[in-house]
$ cat data-v1.tsv   # TSV, C-alpha atoms
chain	number	residue	atom	x	y	z
A	1	MET	CA	12.91	61.23	-33.83
A	2	MET	CA	9.89	59.28	-35.02
A	3	GLN	CA	6.68	60.89	-36.16
A	4	ARG	CA	3.18	59.97	-35.06
A	5	PHE	CA	2.00	59.73	-38.66
A	6	GLU	CA	4.65	57.07	-39.41
A	7	CYS	CA	3.57	55.14	-36.31
A	8	LEU	CA	-0.06	55.18	-37.41
A	9	ARG	CA	0.88	54.16	-40.95
A	10	ALA	CA	2.97	51.27	-39.64
A	11	ILE	CA	0.07	49.69	-37.76
A	12	TYR	CA	-2.92	50.95	-39.79
A	13	ASP	CA	-3.76	47.54	-41.26
A	14	GLN	CA	-3.97	45.97	-37.82
A	15	LEU	CA	-6.75	48.33	-36.77
A	16	GLU	CA	-9.23	46.61	-39.07
A	17	ASN	CA	-10.76	44.39	-36.41
A	18	CYS	CA	-10.38	46.79	-33.48
A	19	LEU	CA	-12.58	49.52	-32.10
A	20	VAL	CA	-10.40	52.61	-32.23
A	21	VAL	CA	-10.86	55.78	-30.15
A	22	THR	CA	-8.61	58.76	-30.75
A	23	ILE	CA	-8.31	62.10	-29.03
A	24	MET	CA	-8.66	65.42	-30.85
A	25	GLY	CA	-6.09	67.24	-32.92
A	26	ALA	CA	-3.28	65.80	-34.97
A	27	VAL	CA	-3.89	62.13	-34.23
A	28	ALA	CA	-7.55	62.31	-35.35
A	29	CYS	CA	-6.57	64.18	-38.48
A	30	GLU	CA	-3.67	61.91	-39.37
A	31	LEU	CA	-5.62	58.69	-38.87
A	32	GLN	CA	-8.39	60.05	-41.11
A	33	SER	CA	-5.84	60.99	-43.74
A	34	LEU	CA	-4.72	57.35	-43.85
A	35	GLY	CA	-8.34	56.37	-44.51
A	36	HIS	CA	-11.35	56.66	-42.27
A	37	LYS	CA	-13.08	53.43	-41.24
A	38	PRO	CA	-16.45	52.99	-39.51
A	39	ASN	CA	-14.71	51.40	-36.51
A	40	PHE	CA	-12.79	54.63	-35.74
A	41	PHE	CA	-14.22	57.20	-33.33
A	42	TYR	CA	-12.50	60.57	-32.97
A	43	LEU	CA	-13.27	62.32	-29.69
A	44	GLN	CA	-12.84	65.86	-30.96
A	45	HIS	CA	-12.97	67.52	-27.53
A	46	ALA	CA	-13.42	66.50	-23.89
A	47	MET	CA	-9.66	66.23	-23.39
A	48	GLY	CA	-8.75	63.38	-21.08
A	49	LEU	CA	-11.81	61.24	-21.76
A	50	GLY	CA	-10.46	59.20	-24.69
A	51	SER	CA	-9.09	56.58	-22.29
A	52	SER	CA	-12.34	56.59	-20.27
A	53	THR	CA	-14.41	56.09	-23.44
A	54	GLY	CA	-12.15	53.20	-24.39
A	55	LEU	CA	-12.54	51.72	-20.91
A	56	GLY	CA	-16.35	51.86	-21.17
A	57	LEU	CA	-16.20	50.10	-24.55
A	58	ALA	CA	-13.73	47.48	-23.35
A	59	LEU	CA	-15.71	46.60	-20.22
A	60	CYS	CA	-19.00	46.30	-22.12
A	61	LEU	CA	-17.53	44.35	-25.07
A	62	PRO	CA	-14.98	42.01	-23.49
A	63	GLN	CA	-14.58	39.95	-26.69
A	64	GLN	CA	-13.62	42.99	-28.74
A	65	LYS	CA	-10.16	44.56	-28.97
A	66	VAL	CA	-10.23	48.27	-28.21
A	67	VAL	CA	-7.38	50.64	-29.08
A	68	VAL	CA	-7.10	54.17	-27.68
A	69	PHE	CA	-4.75	56.70	-29.27
A	70	ASP	CA	-4.17	59.27	-26.54
A	71	GLY	CA	-1.76	62.18	-26.18
A	72	ASP	CA	0.36	63.69	-23.41
A	73	GLY	CA	-1.72	66.87	-23.17
A	74	SER	CA	-4.93	64.86	-22.88
A	75	ILE	CA	-3.82	62.20	-20.43
A	76	LEU	CA	-2.26	64.89	-18.21
A	77	MET	CA	-5.82	66.14	-17.75
A	78	ASN	CA	-6.96	62.74	-16.50
A	79	LEU	CA	-4.04	61.08	-14.73
A	80	GLY	CA	-6.57	59.56	-12.34
A	81	GLY	CA	-7.90	57.66	-15.35
A	82	TYR	CA	-4.71	55.54	-15.27
A	83	THR	CA	-5.72	54.31	-11.80
A	84	THR	CA	-9.19	53.40	-13.09
A	85	LEU	CA	-7.68	51.52	-16.04
A	86	ALA	CA	-5.40	49.67	-13.63
A	87	ARG	CA	-8.24	48.87	-11.26
A	88	TYR	CA	-10.40	47.17	-13.91
A	89	ARG	CA	-7.53	45.93	-16.09
A	90	PRO	CA	-9.56	45.20	-19.23
A	91	LYS	CA	-7.64	42.48	-21.08
A	92	ASN	CA	-8.89	43.74	-24.43
A	93	LEU	CA	-7.64	47.34	-24.18
A	94	VAL	CA	-4.49	48.77	-25.75
A	95	HIS	CA	-3.74	52.32	-24.62
A	96	VAL	CA	-1.21	54.26	-26.70
A	97	VAL	CA	-0.04	57.72	-25.68
A	98	PHE	CA	1.69	59.72	-28.40
A	99	ASP	CA	3.92	61.94	-26.30
A	100	ASN	CA	5.25	64.93	-28.25
A	101	GLU	CA	5.85	66.90	-25.03
A	102	SER	CA	3.67	69.63	-26.45
A	103	LEU	CA	0.18	71.04	-26.81
A	104	LEU	CA	0.78	71.09	-30.54
A	105	SER	CA	-2.60	72.13	-31.86
A	106	VAL	CA	-2.65	75.38	-29.89
A	107	GLY	CA	0.80	76.42	-31.02
A	108	GLY	CA	3.20	74.00	-29.40
A	109	PHE	CA	3.35	74.96	-25.75
A	110	PRO	CA	5.47	72.47	-23.83
A	111	THR	CA	3.67	70.06	-21.48
A	112	ALA	CA	5.05	68.67	-18.23
A	113	THR	CA	6.53	65.68	-20.05
A	114	SER	CA	9.02	68.18	-21.54
A	115	THR	CA	10.32	68.85	-18.03
A	116	GLY	CA	10.66	65.26	-16.97
A	117	SER	CA	7.21	63.93	-16.06
A	118	ASP	CA	7.24	60.31	-17.12
A	119	LEU	CA	3.87	59.01	-18.29
A	120	GLU	CA	4.95	55.39	-18.43
A	121	GLY	CA	6.12	55.81	-14.85
A	122	VAL	CA	2.72	57.21	-13.87
A	123	ALA	CA	0.97	54.32	-15.65
A	124	HIS	CA	3.17	51.76	-13.94
A	125	ALA	CA	2.89	53.36	-10.51
A	126	SER	CA	-0.89	53.48	-11.01
A	127	GLY	CA	-0.83	49.71	-11.11
A	128	ILE	CA	-0.79	48.90	-14.82
A	129	ALA	CA	1.41	45.84	-15.14
A	130	ARG	CA	2.26	46.06	-18.84
A	131	THR	CA	3.79	49.40	-19.75
A	132	LYS	CA	6.41	50.42	-22.30
A	133	THR	CA	8.06	53.53	-23.71
A	134	VAL	CA	9.22	53.39	-27.33
A	135	HIS	CA	11.37	55.71	-29.43
A	136	THR	CA	11.65	54.13	-32.87
A	137	ILE	CA	9.17	52.85	-35.45
A	138	GLU	CA	10.51	49.31	-35.09
A	139	GLU	CA	10.06	49.43	-31.32
A	140	PHE	CA	6.60	50.94	-31.73
A	141	LYS	CA	5.46	48.32	-34.23
A	142	HIS	CA	6.81	45.50	-32.11
A	143	ALA	CA	5.26	46.81	-28.88
A	144	PHE	CA	1.90	47.44	-30.55
A	145	ASP	CA	1.82	43.95	-32.17
A	146	ASP	CA	2.69	42.47	-28.82
A	147	ALA	CA	-0.02	44.47	-27.04
A	148	LEU	CA	-2.66	43.42	-29.58
A	149	ARG	CA	-1.71	39.76	-29.26
A	150	THR	CA	-1.49	39.75	-25.49
A	151	ASN	CA	-4.59	39.11	-23.48
A	152	ASP	CA	-3.93	41.90	-20.97
A	153	LEU	CA	-4.18	45.65	-20.59
A	154	THR	CA	-1.20	47.47	-22.07
A	155	SER	CA	-0.39	51.17	-21.75
A	156	MET	CA	2.45	52.36	-23.94
A	157	VAL	CA	4.09	55.73	-24.51
A	158	ALA	CA	5.43	56.56	-27.98
A	159	LYS	CA	7.84	59.50	-27.89
A	160	VAL	CA	7.19	61.43	-31.11
A	161	GLU	CA	8.25	64.64	-32.77
A	162	ALA	CA	6.03	67.69	-32.23
A	163	VAL	CA	4.86	67.95	-35.83
A	164	GLY	CA	1.40	67.56	-37.28
A	165	PRO	CA	-0.88	68.52	-40.12
A	166	LYS	CA	-1.51	72.13	-41.16
A	167	GLY	CA	-5.15	72.18	-40.07
A	168	TYR	CA	-7.29	70.04	-37.79
A	169	VAL	CA	-10.83	70.29	-39.17
A	170	THR	CA	-11.70	67.37	-41.41
A	171	GLU	CA	-14.59	66.65	-43.78
A	172	LEU	CA	-16.13	64.11	-41.42
A	173	ALA	CA	-18.86	65.67	-39.29
A	174	LEU	CA	-18.68	64.78	-35.59
A	175	LEU	CA	-22.18	63.36	-35.42
A	176	GLU	CA	-21.81	61.41	-38.64
A	177	ASN	CA	-18.75	59.74	-37.12
A	178	ARG	CA	-20.59	59.07	-33.85
A	179	PHE	CA	-23.65	57.42	-35.44
A	180	GLN	CA	-21.58	55.45	-37.92
A	181	PHE	CA	-19.40	54.12	-35.08
A	182	LYS	CA	-22.41	53.05	-33.02
A	183	ARG	CA	-24.04	51.36	-36.01
A	184	TYR	CA	-20.81	49.50	-36.74
A	185	ILE	CA	-20.79	48.12	-33.18
A	186	GLU	CA	-24.49	47.23	-33.36
A	187	LYS	CA	-23.79	45.18	-36.47
A	188	LEU	CA	-20.84	43.46	-34.78
A	189	THR	CA	-22.83	42.53	-31.67
A	190	THR	CA	-25.84	41.36	-33.73
A	191	GLU	CA	-23.58	39.13	-35.83
A	192	ALA	CA	-21.87	37.79	-32.70
A	193	ARG	CA	-25.26	36.98	-31.18
A	194	ARG	CA	-26.41	35.18	-34.33
A	195	HIS	CA	-23.18	33.26	-34.43
A	196	GLY	CA	-23.68	32.33	-30.77
A	197	GLU	CA	-27.23	31.13	-31.49
A	198	ARG	CA	-26.03	28.97	-34.37
A	199	LYS	CA	-23.42	27.40	-32.14
A	200	ASN	CA	-26.04	26.64	-29.51
B	1	MET	CA	-25.42	55.77	9.49
B	2	PRO	CA	-28.77	57.42	8.80
B	3	VAL	CA	-28.60	56.94	5.04
B	4	SER	CA	-31.81	55.17	4.09
B	5	LEU	CA	-31.10	51.56	3.18
B	6	ALA	CA	-34.73	50.99	2.19
B	7	ASN	CA	-34.88	53.95	-0.17
B	8	SER	CA	-31.45	53.16	-1.61
B	9	GLY	CA	-32.94	49.77	-2.45
B	10	VAL	CA	-35.93	51.44	-4.12
B	11	VAL	CA	-33.56	53.48	-6.30
B	12	TYR	CA	-31.41	50.45	-7.13
B	13	ASP	CA	-34.43	48.33	-8.08
B	14	ALA	CA	-35.66	51.13	-10.32
B	15	LEU	CA	-32.29	51.21	-12.11
B	16	LYS	CA	-32.48	47.46	-12.64
B	17	LYS	CA	-36.00	47.77	-14.07
B	18	CYS	CA	-34.60	50.31	-16.54
B	19	ASP	CA	-32.16	47.67	-17.76
B	20	ILE	CA	-29.08	49.49	-16.43
B	21	GLY	CA	-26.05	47.27	-17.02
B	22	LEU	CA	-23.25	49.60	-15.95
B	23	VAL	CA	-22.98	52.06	-13.09
B	24	SER	CA	-20.09	54.46	-12.60
B	25	ALA	CA	-19.68	55.90	-9.14
B	26	LEU	CA	-17.55	57.87	-6.81
B	27	PRO	CA	-18.41	57.25	-3.17
B	28	GLU	CA	-20.15	59.87	-1.11
B	29	THR	CA	-22.12	59.38	2.10
B	30	TRP	CA	-25.59	59.23	0.58
B	31	LEU	CA	-24.48	56.80	-2.13
B	32	VAL	CA	-22.80	54.13	0.00
B	33	HIS	CA	-25.69	51.65	0.02
B	34	LEU	CA	-26.34	52.11	-3.69
B	35	ILE	CA	-22.69	51.45	-4.51
B	36	ARG	CA	-22.66	48.33	-2.30
B	37	MET	CA	-25.79	47.07	-4.05
B	38	ALA	CA	-24.10	47.53	-7.43
B	39	GLU	CA	-21.00	45.80	-6.10
B	40	ASP	CA	-23.00	42.81	-4.83
B	41	ASP	CA	-24.90	42.43	-8.11
B	42	PRO	CA	-23.05	39.98	-10.38
B	43	LYS	CA	-24.95	41.27	-13.40
B	44	MET	CA	-23.92	44.89	-12.88
B	45	ILE	CA	-20.66	46.37	-14.16
B	46	LEU	CA	-19.58	48.80	-11.42
B	47	VAL	CA	-16.80	51.25	-12.30
B	48	ARG	CA	-15.36	53.11	-9.33
B	49	LEU	CA	-13.84	56.35	-10.50
B	50	ALA	CA	-11.02	58.62	-9.41
B	51	LYS	CA	-13.00	61.65	-10.62
B	52	GLU	CA	-16.59	61.83	-11.75
B	53	GLU	CA	-15.84	63.25	-15.20
B	54	GLU	CA	-14.36	59.88	-16.20
B	55	GLY	CA	-17.89	58.53	-15.88
B	56	VAL	CA	-19.01	60.59	-18.88
B	57	GLY	CA	-16.45	58.81	-21.07
B	58	ILE	CA	-17.32	55.43	-19.61
B	59	SER	CA	-21.03	56.01	-20.21
B	60	ALA	CA	-20.29	57.12	-23.78
B	61	GLY	CA	-18.34	53.90	-24.38
B	62	ALA	CA	-21.16	51.88	-22.85
B	63	HIS	CA	-23.71	53.63	-25.05
B	64	PHE	CA	-21.69	52.85	-28.17
B	65	ALA	CA	-21.51	49.25	-26.97
B	66	GLY	CA	-25.30	49.09	-26.55
B	67	VAL	CA	-25.27	48.96	-22.74
B	68	LYS	CA	-27.48	51.28	-20.70
B	69	SER	CA	-25.64	53.03	-17.91
B	70	ALA	CA	-26.18	55.36	-14.98
B	71	MET	CA	-23.80	57.73	-13.20
B	72	LEU	CA	-23.92	58.00	-9.40
B	73	MET	CA	-22.33	61.14	-8.06
B	74	GLN	CA	-22.56	63.98	-5.61
B	75	ASN	CA	-23.48	67.40	-6.92
B	76	HIS	CA	-19.83	68.41	-6.52
B	77	GLY	CA	-19.01	65.53	-8.83
B	78	PHE	CA	-21.45	66.97	-11.33
B	79	LEU	CA	-19.57	70.27	-11.05
B	80	ALA	CA	-16.33	68.41	-11.70
B	81	SER	CA	-17.81	66.71	-14.78
B	82	ILE	CA	-19.14	69.70	-16.65
B	83	ASN	CA	-16.56	69.84	-19.44
B	84	GLY	CA	-17.11	66.16	-20.19
B	85	ILE	CA	-20.87	66.63	-20.14
B	86	VAL	CA	-20.67	69.55	-22.56
B	87	SER	CA	-17.89	68.48	-24.88
B	88	LEU	CA	-18.60	64.77	-25.01
B	89	ALA	CA	-22.19	64.01	-23.98
B	90	GLN	CA	-23.85	67.10	-25.42
B	91	LEU	CA	-21.49	67.54	-28.38
B	92	TYR	CA	-21.89	63.90	-29.44
B	93	ARG	CA	-25.51	63.41	-28.34
B	94	ILE	CA	-24.87	60.78	-25.69
B	95	PRO	CA	-27.83	59.93	-23.44
B	96	LEU	CA	-26.57	60.20	-19.85
B	97	LEU	CA	-28.66	59.22	-16.85
B	98	MET	CA	-27.11	61.13	-13.95
B	99	LEU	CA	-28.21	60.43	-10.38
B	100	ILE	CA	-26.88	63.33	-8.36
B	101	SER	CA	-27.04	63.52	-4.58
B	102	TYR	CA	-28.30	66.98	-3.78
B	103	ARG	CA	-26.04	67.99	-0.92
B	104	GLY	CA	-25.89	71.47	0.54
B	105	HIS	CA	-29.59	72.17	0.35
B	106	PHE	CA	-31.91	72.99	3.29
B	107	GLY	CA	-31.20	70.72	6.23
B	108	GLU	CA	-27.49	70.38	5.39
B	109	ARG	CA	-25.23	70.47	8.44
B	110	ASP	CA	-21.88	70.24	6.65
B	111	PRO	CA	-20.78	73.79	5.92
B	112	TRP	CA	-18.56	72.67	3.04
B	113	GLN	CA	-21.52	71.35	1.06
B	114	THR	CA	-23.56	74.52	1.09
B	115	GLN	CA	-21.92	76.46	-1.74
B	116	GLY	CA	-22.34	73.61	-4.21
B	117	GLY	CA	-25.91	73.13	-3.07
B	118	GLY	CA	-26.75	76.63	-4.15
B	119	VAL	CA	-25.43	76.33	-7.68
B	120	THR	CA	-26.61	72.85	-8.63
B	121	GLU	CA	-30.00	73.70	-10.10
B	122	PRO	CA	-28.91	76.98	-11.75
B	123	LEU	CA	-26.09	75.07	-13.48
B	124	LEU	CA	-28.36	72.27	-14.68
B	125	ARG	CA	-30.72	74.90	-16.06
B	126	SER	CA	-27.97	76.87	-17.76
B	127	LEU	CA	-26.67	73.70	-19.40
B	128	GLY	CA	-30.15	72.88	-20.63
B	129	ILE	CA	-30.20	69.60	-18.71
B	130	PRO	CA	-33.71	68.70	-17.58
B	131	TYR	CA	-34.00	67.32	-14.06
B	132	SER	CA	-36.50	66.05	-11.55
B	133	PHE	CA	-36.32	65.16	-7.88
B	134	LEU	CA	-36.24	61.79	-6.22
B	135	ASP	CA	-37.99	62.70	-2.98
B	136	ASP	CA	-40.79	60.16	-2.63
B	137	PRO	CA	-40.09	56.42	-2.70
B	138	ALA	CA	-43.48	55.81	-4.29
B	139	LYS	CA	-42.47	57.92	-7.30
B	140	VAL	CA	-38.83	56.88	-7.71
B	141	GLU	CA	-39.39	54.12	-10.25
B	142	LYS	CA	-41.57	56.26	-12.50
B	143	ARG	CA	-39.28	59.29	-12.37
B	144	ILE	CA	-36.15	57.31	-13.18
B	145	ALA	CA	-37.91	55.52	-16.05
B	146	GLU	CA	-39.24	58.78	-17.43
B	147	ALA	CA	-35.84	60.49	-17.25
B	148	GLN	CA	-34.22	57.55	-19.04
B	149	THR	CA	-36.92	57.49	-21.71
B	150	TRP	CA	-36.38	61.19	-22.34
B	151	ALA	CA	-32.57	60.84	-22.40
B	152	TYR	CA	-32.79	58.16	-25.11
B	153	ALA	CA	-35.48	59.96	-27.10
B	154	SER	CA	-33.48	63.19	-27.15
B	155	LEU	CA	-29.97	61.67	-27.02
B	156	HIS	CA	-29.10	64.11	-24.26
B	157	PRO	CA	-28.11	64.04	-20.58
B	158	ALA	CA	-30.88	64.01	-17.99
B	159	ALA	CA	-30.50	64.42	-14.22
B	160	LEU	CA	-32.28	63.11	-11.15
B	161	LEU	CA	-31.57	64.85	-7.88
B	162	LEU	CA	-31.44	62.50	-4.91
B	163	THR	CA	-32.89	64.59	-2.09
B	164	ARG	CA	-32.40	64.60	1.66
B	165	GLU	CA	-36.03	63.54	2.13
B	166	LEU	CA	-35.35	60.32	0.26
B	167	MET	CA	-31.79	59.52	1.32
B	168	TRP	CA	-31.47	60.66	4.94
B	169	GLU	CA	-33.44	59.29	7.86
B	170	GLU	CA	-32.26	61.52	10.69
B	171	PRO	CA	-34.51	64.46	11.64
B	172	ALA	CA	-33.07	67.83	10.70

$ encode --input "data-v1.tsv" --output "structure tokens"
Amino acid sequence: MMQRFECLRAIYDQLENCLVVTIMGAVACELQSLGHKPNFFYLQHAMGLGSSTGLGLALCLPQQKVVVFDGDGSILMNLGGYTTLARYRPKNLVHVVFDNESLLSVGGFPTATSTGSDLEGVAHASGIARTKTVHTIEEFKHAFDDALRTNDLTSMVAKVEAVGPKGYVTELALLENRFQFKRYIEKLTTEARRHGERKN
Amino acid sequence: MPVSLANSGVVYDALKKCDIGLVSALPETWLVHLIRMAEDDPKMILVRLAKEEEGVGISAGAHFAGVKSAMLMQNHGFLASINGIVSLAQLYRIPLLMLISYRGHFGERDPWQTQGGGVTEPLLRSLGIPYSFLDDPAKVEKRIAEAQTWAYASLHPAALLLTRELMWEEPA
């Protein structure tokens, strides 16, 4: 079974020009261990709101690719969020759910996806046209590349093994991350405006 | 429907003067005109939610993107949003401008609103969220502007309670 860390490593270089929002726990820790970048924001609590934060970014910055790394435990707390994503269908948003069928960071209690709840099915039935479930690194890489290239909302589920790092607290302070992320976007939008003025 | 169209317009105009570019909302009786106004405004991004807590994430994303936002919700929606308010907006210092319809207070005929009416202000106080009342159309613009100014100065949520006096035109 594939591991989330391998998935992140396989696509890390492609995140350079994206705004990236992750949920708390293993995914935040593992992405930081590959190398933190100012365009990465780790939502270290508020389970369920990673996808909503990504939606707010995507709607306000339609020219900017936004990637959300979500998890089964988090999205199960905000299944209604799938219907909101479907309703507004931001073309610049890629939503990835790492589904390890477990609330890993609290000791590995099984979530409802371990007893058959199908998150891709929920996404699709919510009205998201482009959905996918992947099981291997090759499939993951291909589906992610495709989602980044496509000018449409994609929600994909990556079935991964329930393993993660030993601890979850990292060196990066929450507020430092938050202000750095906002400043990065300010710089992007200022540059885009200047570029627009030059063109005019 | 005795929801005040005129006063809804006063509130909407005040939001526009505060440079609000995104509104998240979940319909409730007192908010219907406001939501329609946002829907009819081509310059406003309106996000209709399944649950109000999503609006905290959407407003956080908008803030990162440099867009000023407001959340329209009933006080029961505020109750449903509390984890997001605490562990996103307060934890990460996100300025939220929350316009909350204050149902269940004196004059309320719907029995199901009354319990939430009684806990709204105590909860705002216990969360350390400052609030004021929108009860006089002459003061709406100033109060909304002041709440927004404070929210951005402190990087913290602020609340405005939409009262029956402002929103409802039927005598009690």

$ atom_distance --input "data-v1.tsv" --atom1 "atom CA of Leu49 of chain B" --atom2 "atom CA of Leu88 of chain B"
17.4 Å

$ interface_residues --input "data-v1.tsv" --of "chain A" --to "chain B" --cutoff "9 Å" --atoms "all atoms listed in the file" --output "mmCIF file with C-alpha atoms, in the coordinates of the input"
data_model
loop_
_atom_site.group_PDB
_atom_site.id
_atom_site.type_symbol
_atom_site.label_atom_id
_atom_site.label_comp_id
_atom_site.auth_asym_id
_atom_site.auth_seq_id
_atom_site.Cartn_x
_atom_site.Cartn_y
_atom_site.Cartn_z
ATOM 1 C CA LEU A 43 -13.270 62.320 -29.690
ATOM 2 C CA GLN A 44 -12.840 65.860 -30.960
ATOM 3 C CA HIS A 45 -12.970 67.520 -27.530
ATOM 4 C CA ALA A 46 -13.420 66.500 -23.890
ATOM 5 C CA MET A 47 -9.660 66.230 -23.390
ATOM 6 C CA GLY A 48 -8.750 63.380 -21.080
ATOM 7 C CA LEU A 49 -11.810 61.240 -21.760
ATOM 8 C CA GLY A 50 -10.460 59.200 -24.690
ATOM 9 C CA SER A 51 -9.090 56.580 -22.290
ATOM 10 C CA SER A 52 -12.340 56.590 -20.270
ATOM 11 C CA THR A 53 -14.410 56.090 -23.440
ATOM 12 C CA GLY A 54 -12.150 53.200 -24.390
ATOM 13 C CA LEU A 55 -12.540 51.720 -20.910
ATOM 14 C CA GLY A 56 -16.350 51.860 -21.170
ATOM 15 C CA LEU A 57 -16.200 50.100 -24.550
ATOM 16 C CA ALA A 58 -13.730 47.480 -23.350
ATOM 17 C CA LEU A 59 -15.710 46.600 -20.220
ATOM 18 C CA CYS A 60 -19.000 46.300 -22.120
ATOM 19 C CA LEU A 61 -17.530 44.350 -25.070
ATOM 20 C CA ASN A 78 -6.960 62.740 -16.500
ATOM 21 C CA GLY A 80 -6.570 59.560 -12.340
ATOM 22 C CA GLY A 81 -7.900 57.660 -15.350
ATOM 23 C CA THR A 83 -5.720 54.310 -11.800
ATOM 24 C CA THR A 84 -9.190 53.400 -13.090
ATOM 25 C CA ARG A 87 -8.240 48.870 -11.260
ATOM 26 C CA TYR A 88 -10.400 47.170 -13.910
ATOM 27 C CA LEU A 174 -18.680 64.780 -35.590
ATOM 28 C CA LEU A 175 -22.180 63.360 -35.420
ATOM 29 C CA ARG A 178 -20.590 59.070 -33.850
ATOM 30 C CA PHE A 179 -23.650 57.420 -35.440
ATOM 31 C CA PHE A 181 -19.400 54.120 -35.080
ATOM 32 C CA LYS A 182 -22.410 53.050 -33.020
ATOM 33 C CA ARG A 183 -24.040 51.360 -36.010
ATOM 34 C CA ILE A 185 -20.790 48.120 -33.180
ATOM 35 C CA GLU A 186 -24.490 47.230 -33.360
ATOM 36 C CA THR A 189 -22.830 42.530 -31.670
#

$ residues_around --input "data-v1.tsv" --residues "Gln63 of chain A" --least-positions-apart "6" --cutoff "10 Å" --atoms "all atoms listed in the file" --output "list in words"
Lys91, Asn92, Thr189 and Ala192 of chain A

$ axis_aligned_box --input "data-v1.tsv" --around "segment 91-107 of chain B" --padding-each-side "6 Å" --output "AutoDock Vina command-line options"
--center_x -26.7 --center_y 66.1 --center_z -11.6 --size_x 22.4 --size_y 25.8 --size_z 47.7

$ residues_around --input "data-v1.tsv" --residues "segment 164-172 of chain A" --least-positions-apart "6" --cutoff "6 Å" --atoms "only C-alpha atoms" --output "PDB file with C-alpha atoms, keeping the file's coordinate frame"
ATOM      1  CA  GLY A  25      -6.090  67.240 -32.920  1.00  0.00           C
ATOM      2  CA  ALA A  26      -3.280  65.800 -34.970  1.00  0.00           C
ATOM      3  CA  CYS A  29      -6.570  64.180 -38.480  1.00  0.00           C
TER       4      CYS A  29
END

$ atom_distance --input "data-v1.tsv" --atom1 "atom CA of Ser101 of chain B" --atom2 "atom CA of Tyr82 of chain A"
26.0 Å
